[in-house]
Amino acid sequence: MFKHWTMKALFCASLIFGAGIPALAKPQPMTAERIAEIDTFVEERMEALAIPGVAIALIEDGALVHARGFGVTGEGGDPVSEKTMFQTGSISKTFAATAILQLASEQRIGLDDPVVKHLPWFRTISKARSDTITVRHLLSHRSGLSMFKGNRNQDGGSDGADAMELAVRELAGQKLQSEPGALYEYSNANYQILGTLLEAIEGQSYEEILKKRIFETAGMSRSLVTMATASQQDAAQGHRYWLTRPLVYTSEAGRAVLAQGGVSSSSSDLATYLISFINNDNQLVAEGLQAEMLTSEETGPGPHYALGWFTRAFEDHRLIFHTGSNPGYEAVAGFSPEKKFGFVVLANANSSFGNRDVATLTLGVGNMVMGLPVSPASPDMVSRIGYFIICLIPLFMISVIVGFFLIRKSLVSLKGQPLSGAVLLRLVLPSLALLALAWLLLITIPQVNGAPVPAIALFNPDIGLALRTGGYLALFWASVRPILRWRAGRA
């Protein structure tokens, strides 16, 4: 339901990236007219979605041909440029995977090594099963860890040096959803473990590892690992939507989430990063390992997850891509090794379910590069209706409670009546319905969307507030109503 939060977004992204129509993906030459058309699309879509700032970069023939910024970094902020840093969300996973593959090329880790070879203390609730989880399973999201459990700590916990390790140690009480290696299920927990592995093997902080291994190697001077992007000079402030209005969001997550979503970068730096892969220059990943990194064990049109990247096969080329979403930010980066094109789009607002769909801009640029249709800016009708229903539930609950007190003296008292089936039905049935509503709001909807309510609230604060308020009011009224109904008419 909440399309843009975590990786359920990626399956929607894959549809926009041409699922079912592989023969129609025809990359467009980056002529001056085509670039101007893309720029105009960005400006128009920003206005339609009230996005404060966007930065893009376009690559053709393995070289940067266009990079620019639009809008502003935040309220009273500077104009966005191709040097402005944005949080990149789950695009960060590609950096963690790159660092792991570098260790593999140095023979300091094997992709098929069990995790416990390097982290002897690692386990889930079933040690026998988790002992078989390998590095490759983590990279490809085939460990058996669930999406829901991976989103249990989106606030990132503390900023302590051991924050990543503590998050992984919490998995000792978690149950695997499937046998390791059997099924794909996207889970941030996989990359929390990979980040901890990197720190354990290197004996350095994750921030320092990426700085030395990737940013300095590739010449990415406007990139760093931090969840405090807005505090950096010339960095975009994040924005979340309350109803239809984007408001600045400046809270910082802790270190536990760095490997899954902690890289901040500029569009020009990310273009440099993609160009290294496009040209297969061995600068970041050795040639043989790069081919392995970008190839999924699954076949078919896709999309499929390889090692840190999604891959989708078209008629005569592949799209290698990753989307990203942090509270206040949304991004996409994609490239084709065969056609040697690429694109980066960064926005300082994140999508709101049924309300503002920032991905129609970020993915829309990618579609234009590939010659695919662009989806409309407005959310679909089902999402819009769902959004309004969720937001109206607290008001409905309040009106039910107030209405009861307004009519309570006109109700026939049940006190003193025999506890017949009819009386019990009038007392119990409404409370059961209220408990079911609370379960729906606080348990079912979060489970279906792969995230606890606190995580949903980080990305969609208005929906998070509606779920909590509606759910807690339903619980309260389910408990209090039978007592008041029993006494009604006696006052």
# chains A, B, ... in the order shown; residues from 1 in each chain; ligands from 1
call {"tool": "closest_atom_pairs", "arguments": {"of": "stretch 106-208 of chain A", "to": "stretch 236-251 of chain A", "cutoff": "12 Å", "atoms": "only C-alpha atoms", "output": "Markdown table"}}
result
| residue | atom | partner | partner_atom | distance |
| --- | --- | --- | --- | --- |
| A:Gln154 | CA | A:Ser251 | CA | 12.0 |
| A:Asp155 | CA | A:Ser251 | CA | 9.1 |
| A:Gly156 | CA | A:Ser251 | CA | 11.2 |
call {"tool": "residues_around", "arguments": {"residues": "stretch 470-475 of chain A", "least_positions_apart": "2", "cutoff": "7 Å", "atoms": "only C-alpha atoms", "output": "VMD selection string"}}
result
chain A and resid 393 to 394 397 434 to 435 437 to 438 441 to 442 466 to 468 477 to 479
call {"tool": "write_last_selection", "arguments": {"atoms": "N, CA, C and O atoms", "output": "tab-separated table (two decimals), in the first residue's frame"}}
result
chain	number	residue	atom	x	y	z
A	393	ILE	N	-10.20	7.84	9.48
A	393	ILE	CA	-10.56	6.90	10.54
A	393	ILE	C	-10.49	7.54	11.93
A	393	ILE	O	-11.40	7.36	12.74
A	394	PRO	N	-9.44	8.31	12.28
A	394	PRO	CA	-9.44	8.95	13.61
A	394	PRO	C	-10.64	9.88	13.81
A	394	PRO	O	-11.22	9.91	14.91
A	397	MET	N	-13.59	7.74	14.55
A	397	MET	CA	-13.58	7.22	15.91
A	397	MET	C	-13.99	8.30	16.92
A	397	MET	O	-14.75	8.05	17.85
A	434	LEU	N	-14.25	-3.18	17.00
A	434	LEU	CA	-13.25	-2.15	17.28
A	434	LEU	C	-11.85	-2.77	17.43
A	434	LEU	O	-10.86	-2.20	16.97
A	435	LEU	N	-11.77	-3.92	18.09
A	435	LEU	CA	-10.48	-4.60	18.21
A	435	LEU	C	-9.96	-5.02	16.83
A	435	LEU	O	-8.75	-4.95	16.57
A	437	LEU	N	-10.57	-3.44	14.05
A	437	LEU	CA	-10.10	-2.21	13.41
A	437	LEU	C	-8.71	-1.84	13.93
A	437	LEU	O	-7.82	-1.47	13.15
A	438	ALA	N	-8.52	-1.94	15.25
A	438	ALA	CA	-7.20	-1.64	15.82
A	438	ALA	C	-6.15	-2.58	15.28
A	438	ALA	O	-5.02	-2.17	14.95
A	441	LEU	N	-5.21	-1.51	11.73
A	441	LEU	CA	-4.41	-0.29	11.64
A	441	LEU	C	-3.00	-0.47	12.20
A	441	LEU	O	-2.03	0.05	11.64
A	442	LEU	N	-2.88	-1.19	13.30
A	442	LEU	CA	-1.60	-1.27	14.00
A	442	LEU	C	-0.78	-2.51	13.64
A	442	LEU	O	0.44	-2.51	13.85
A	466	ALA	N	-2.28	8.96	11.61
A	466	ALA	CA	-3.64	8.45	11.45
A	466	ALA	C	-3.73	6.99	11.91
A	466	ALA	O	-4.70	6.60	12.58
A	467	LEU	N	-2.74	6.18	11.56
A	467	LEU	CA	-2.74	4.77	11.99
A	467	LEU	C	-2.69	4.66	13.51
A	467	LEU	O	-3.45	3.89	14.12
A	468	ARG	N	-1.78	5.42	14.11
A	468	ARG	CA	-1.65	5.35	15.57
A	468	ARG	C	-2.90	5.87	16.27
A	468	ARG	O	-3.44	5.23	17.19
A	477	TRP	N	-11.76	2.58	23.01
A	477	TRP	CA	-13.21	2.50	22.99
A	477	TRP	C	-13.70	1.06	23.09
A	477	TRP	O	-14.76	0.80	23.68
A	478	ALA	N	-12.94	0.12	22.58
A	478	ALA	CA	-13.31	-1.29	22.73
A	478	ALA	C	-13.30	-1.71	24.19
A	478	ALA	O	-14.09	-2.56	24.61
A	479	SER	N	-12.42	-1.10	24.99
A	479	SER	CA	-12.31	-1.42	26.41
A	479	SER	C	-13.35	-0.69	27.25
A	479	SER	O	-13.94	-1.26	28.19
call {"tool": "closest_atom_pairs", "arguments": {"of": "stretch 282-394 of chain A", "to": "stretch 444-450 of chain A", "cutoff": "12 Å", "atoms": "only C-alpha atoms", "output": "tab-separated table"}}
result
residue	atom	partner	partner_atom	distance
A:Phe353	CA	A:Asn449	CA	11.4
A:Gly386	CA	A:Ile445	CA	11.3
A:Ile390	CA	A:Ile445	CA	10.4
call {"tool": "write_last_selection", "arguments": {"atoms": "all heavy atoms", "output": "compact mmCIF listing (two decimals), in the first residue's frame"}}
result
# COMPACT_ATOMS: atom_id res chain seq x y z
N PHE A 353 2.17 8.19 0.22
CA PHE A 353 1.18 7.29 -0.34
C PHE A 353 -0.15 8.00 -0.58
O PHE A 353 -0.68 8.67 0.29
CB PHE A 353 0.96 6.12 0.63
CG PHE A 353 -0.27 5.31 0.34
CD1 PHE A 353 -0.30 4.44 -0.73
CD2 PHE A 353 -1.40 5.44 1.13
CE1 PHE A 353 -1.45 3.71 -1.00
CE2 PHE A 353 -2.54 4.71 0.88
CZ PHE A 353 -2.57 3.84 -0.20
N GLY A 386 -7.57 5.09 -0.60
CA GLY A 386 -6.99 4.48 0.60
C GLY A 386 -6.41 5.52 1.54
O GLY A 386 -6.56 5.42 2.77
N ILE A 390 -7.77 6.17 5.44
CA ILE A 390 -6.90 6.06 6.61
C ILE A 390 -6.89 7.36 7.41
O ILE A 390 -6.96 7.37 8.64
CB ILE A 390 -5.48 5.68 6.18
CG1 ILE A 390 -5.46 4.23 5.68
CG2 ILE A 390 -4.48 5.84 7.32
CD1 ILE A 390 -4.16 3.81 5.04
call {"tool": "atom_distance", "arguments": {"atom1": "atom CA of A:Asp112", "atom2": "atom CA of A:Thr134"}}
result
5.4 Å
call {"tool": "closest_residue", "arguments": {"among": "A:Ala57, A:Arg45, A:Asn151, A:Ser90", "to": "A:Pro452", "atoms": "only C-alpha atoms"}}
result
A:Asn151
call {"tool": "atom_distance", "arguments": {"atom1": "atom CA of A:Tyr387", "atom2": "atom CA of A:Phe459"}}
result
14.1 Å
call {"tool": "select_by_dssp", "arguments": {"residues": "stretch 48-96 of chain A", "states": "strand (DSSP E or B)", "output": "compact mmCIF listing (two decimals) with N, CA, C and O atoms, in the first residue's frame"}}
result
# COMPACT_ATOMS: atom_id res chain seq x y z
N GLY A 53 13.65 20.78 -4.34
CA GLY A 53 14.88 20.74 -5.12
C GLY A 53 15.16 19.39 -5.75
O GLY A 53 14.81 18.35 -5.19
N VAL A 54 15.80 19.42 -6.90
CA VAL A 54 16.14 18.21 -7.65
C VAL A 54 17.49 18.42 -8.32
O VAL A 54 17.82 19.53 -8.75
N ALA A 55 18.27 17.36 -8.41
CA ALA A 55 19.51 17.38 -9.19
C ALA A 55 19.54 16.15 -10.09
O ALA A 55 19.11 15.06 -9.68
N ILE A 56 20.02 16.32 -11.33
CA ILE A 56 20.07 15.20 -12.26
C ILE A 56 21.45 15.13 -12.90
O ILE A 56 22.23 16.09 -12.88
N ALA A 57 21.75 13.96 -13.46
CA ALA A 57 22.95 13.78 -14.28
C ALA A 57 22.61 12.76 -15.35
O ALA A 57 21.96 11.75 -15.07
N LEU A 58 23.03 13.02 -16.57
CA LEU A 58 22.77 12.14 -17.70
C LEU A 58 24.09 11.69 -18.33
O LEU A 58 24.99 12.51 -18.51
N ILE A 59 24.17 10.42 -18.65
CA ILE A 59 25.39 9.82 -19.19
C ILE A 59 25.09 9.22 -20.55
O ILE A 59 24.06 8.55 -20.75
N GLU A 60 25.99 9.44 -21.52
CA GLU A 60 25.87 8.84 -22.85
C GLU A 60 27.25 8.39 -23.30
O GLU A 60 28.25 9.10 -23.09
N ALA A 63 30.10 8.67 -20.77
CA ALA A 63 30.62 9.97 -20.35
C ALA A 63 29.46 10.86 -19.90
O ALA A 63 28.33 10.75 -20.41
N LEU A 64 29.74 11.75 -18.98
CA LEU A 64 28.73 12.69 -18.49
C LEU A 64 28.45 13.73 -19.57
O LEU A 64 29.37 14.40 -20.06
N VAL A 65 27.18 13.88 -19.93
CA VAL A 65 26.82 14.87 -20.96
C VAL A 65 25.96 16.00 -20.41
O VAL A 65 25.84 17.06 -21.06
N HIS A 66 25.38 15.81 -19.22
CA HIS A 66 24.52 16.86 -18.68
C HIS A 66 24.34 16.64 -17.19
O HIS A 66 24.05 15.53 -16.74
N ALA A 67 24.55 17.70 -16.40
CA ALA A 67 24.31 17.65 -14.96
C ALA A 67 23.90 19.04 -14.51
O ALA A 67 24.58 20.02 -14.83
N ARG A 68 22.81 19.12 -13.77
CA ARG A 68 22.36 20.42 -13.29
C ARG A 68 21.40 20.24 -12.12
O ARG A 68 20.93 19.13 -11.83
N GLY A 69 21.14 21.34 -11.44
CA GLY A 69 20.21 21.34 -10.34
C GLY A 69 19.01 22.21 -10.64
O GLY A 69 19.05 23.09 -11.51
N PHE A 70 17.94 21.97 -9.90
CA PHE A 70 16.69 22.71 -10.05
C PHE A 70 16.18 23.06 -8.66
O PHE A 70 16.30 22.27 -7.72
N GLY A 71 15.58 24.21 -8.51
CA GLY A 71 14.98 24.57 -7.24
C GLY A 71 16.01 24.93 -6.19
O GLY A 71 17.12 25.36 -6.49
N VAL A 72 15.63 24.72 -4.91
CA VAL A 72 16.48 25.16 -3.81
C VAL A 72 16.70 24.02 -2.82
O VAL A 72 15.97 23.03 -2.80
N PRO A 79 20.40 27.77 -4.29
CA PRO A 79 19.96 27.00 -5.47
C PRO A 79 20.66 25.64 -5.52
O PRO A 79 21.83 25.53 -5.16
N MET A 85 24.69 17.93 -2.26
CA MET A 85 24.56 16.59 -1.72
C MET A 85 23.13 16.30 -1.26
O MET A 85 22.49 17.14 -0.65
N PHE A 86 22.67 15.10 -1.57
CA PHE A 86 21.37 14.59 -1.14
C PHE A 86 21.61 13.22 -0.48
O PHE A 86 22.54 12.51 -0.85
N GLN A 87 20.75 12.85 0.44
CA GLN A 87 20.77 11.46 0.91
C GLN A 87 20.26 10.59 -0.22
O GLN A 87 19.29 10.94 -0.91
call {"tool": "atom_distance", "arguments": {"atom1": "atom CA of A:Leu465", "atom2": "atom CA of A:Thr88"}}
result
25.4 Å
call {"tool": "closest_residue", "arguments": {"among": "A:Ile398, A:Leu166, A:Ile320, A:Leu270", "to": "A:Met293", "atoms": "only C-alpha atoms"}}
result
A:Ile320
call {"tool": "residues_around", "arguments": {"residues": "A:Glu179", "least_positions_apart": "3", "cutoff": "12 Å", "atoms": "only C-alpha atoms", "output": "ChimeraX atom specification"}}
result
/A:126,128-134,137,141-146,175-176,182-185
call {"tool": "residues_around", "arguments": {"residues": "A:Lys93", "least_positions_apart": "4", "cutoff": "12 Å", "atoms": "only C-alpha atoms", "output": "PyMOL selection string"}}
result
chain A and resi 88-89+97-100+138-141+186-195+210+225+257-264+305-310+321-325+333
call {"tool": "residues_around", "arguments": {"residues": "A:Phe215", "least_positions_apart": "4", "cutoff": "10 Å", "atoms": "only C-alpha atoms", "output": "PyMOL selection string"}}
result
chain A and resi 95+208-211+219-225+265+269+273+284
call {"tool": "write_last_selection", "arguments": {"atoms": "C-alpha atoms", "output": "mmCIF file, in the first residue's frame"}}
result
data_model
loop_
_atom_site.group_PDB
_atom_site.id
_atom_site.type_symbol
_atom_site.label_atom_id
_atom_site.label_comp_id
_atom_site.auth_asym_id
_atom_site.auth_seq_id
_atom_site.Cartn_x
_atom_site.Cartn_y
_atom_site.Cartn_z
ATOM 1 C CA PHE A 95 28.363 0.959 -2.142
ATOM 2 C CA GLU A 208 36.124 5.514 6.840
ATOM 3 C CA ILE A 209 35.933 2.302 4.812
ATOM 4 C CA LEU A 210 33.781 3.839 2.070
ATOM 5 C CA LYS A 211 35.771 7.057 2.094
ATOM 6 C CA GLY A 219 37.400 11.055 -7.014
ATOM 7 C CA MET A 220 33.973 11.582 -5.442
ATOM 8 C CA SER A 221 34.678 14.734 -3.432
ATOM 9 C CA ARG A 222 30.996 15.509 -2.770
ATOM 10 C CA SER A 223 30.141 12.154 -1.173
ATOM 11 C CA LEU A 224 30.260 10.865 2.375
ATOM 12 C CA VAL A 225 28.547 8.459 4.758
ATOM 13 C CA SER A 265 26.196 12.280 -2.649
ATOM 14 C CA ASP A 269 29.559 12.276 -8.055
ATOM 15 C CA TYR A 273 30.386 6.241 -9.804
ATOM 16 C CA LEU A 284 36.111 -0.020 -8.126
#
call {"tool": "closest_residue", "arguments": {"among": "A:Leu427, A:Val358, A:Trp439, A:Glu170", "to": "A:Arg487", "atoms": "only C-alpha atoms"}}
result
A:Leu427
call {"tool": "closest_residue", "arguments": {"among": "A:Ala218, A:Leu429, A:Met368, A:Ile456", "to": "A:Asp39", "atoms": "only C-alpha atoms"}}
result
A:Met368
call {"tool": "select_by_dssp", "arguments": {"residues": "stretch 208-237 of chain A", "states": "helix (DSSP H, G or I)", "output": "PDB file with C-alpha atoms, in the first residue's frame"}}
result
ATOM      1  CA  GLU A 208      36.124   5.514   6.840  1.00  0.00           C
ATOM      2  CA  ILE A 209      35.933   2.302   4.812  1.00  0.00           C
ATOM      3  CA  LEU A 210      33.781   3.839   2.070  1.00  0.00           C
ATOM      4  CA  LYS A 211      35.771   7.057   2.094  1.00  0.00           C
ATOM      5  CA  LYS A 212      39.043   5.240   1.402  1.00  0.00           C
ATOM      6  CA  ARG A 213      37.793   2.396  -0.767  1.00  0.00           C
ATOM      7  CA  ILE A 214      35.314   4.231  -2.978  1.00  0.00           C
ATOM      8  CA  PHE A 215      35.026   7.998  -2.609  1.00  0.00           C
ATOM      9  CA  GLU A 216      38.757   8.782  -2.715  1.00  0.00           C
ATOM     10  CA  THR A 217      39.472   6.082  -5.307  1.00  0.00           C
ATOM     11  CA  ALA A 218      36.795   7.351  -7.689  1.00  0.00           C
ATOM     12  CA  THR A 229      23.283  15.628   5.221  1.00  0.00           C
ATOM     13  CA  ALA A 230      21.503  18.911   5.896  1.00  0.00           C
ATOM     14  CA  SER A 231      24.257  19.964   8.302  1.00  0.00           C
TER      15      SER A 231
END
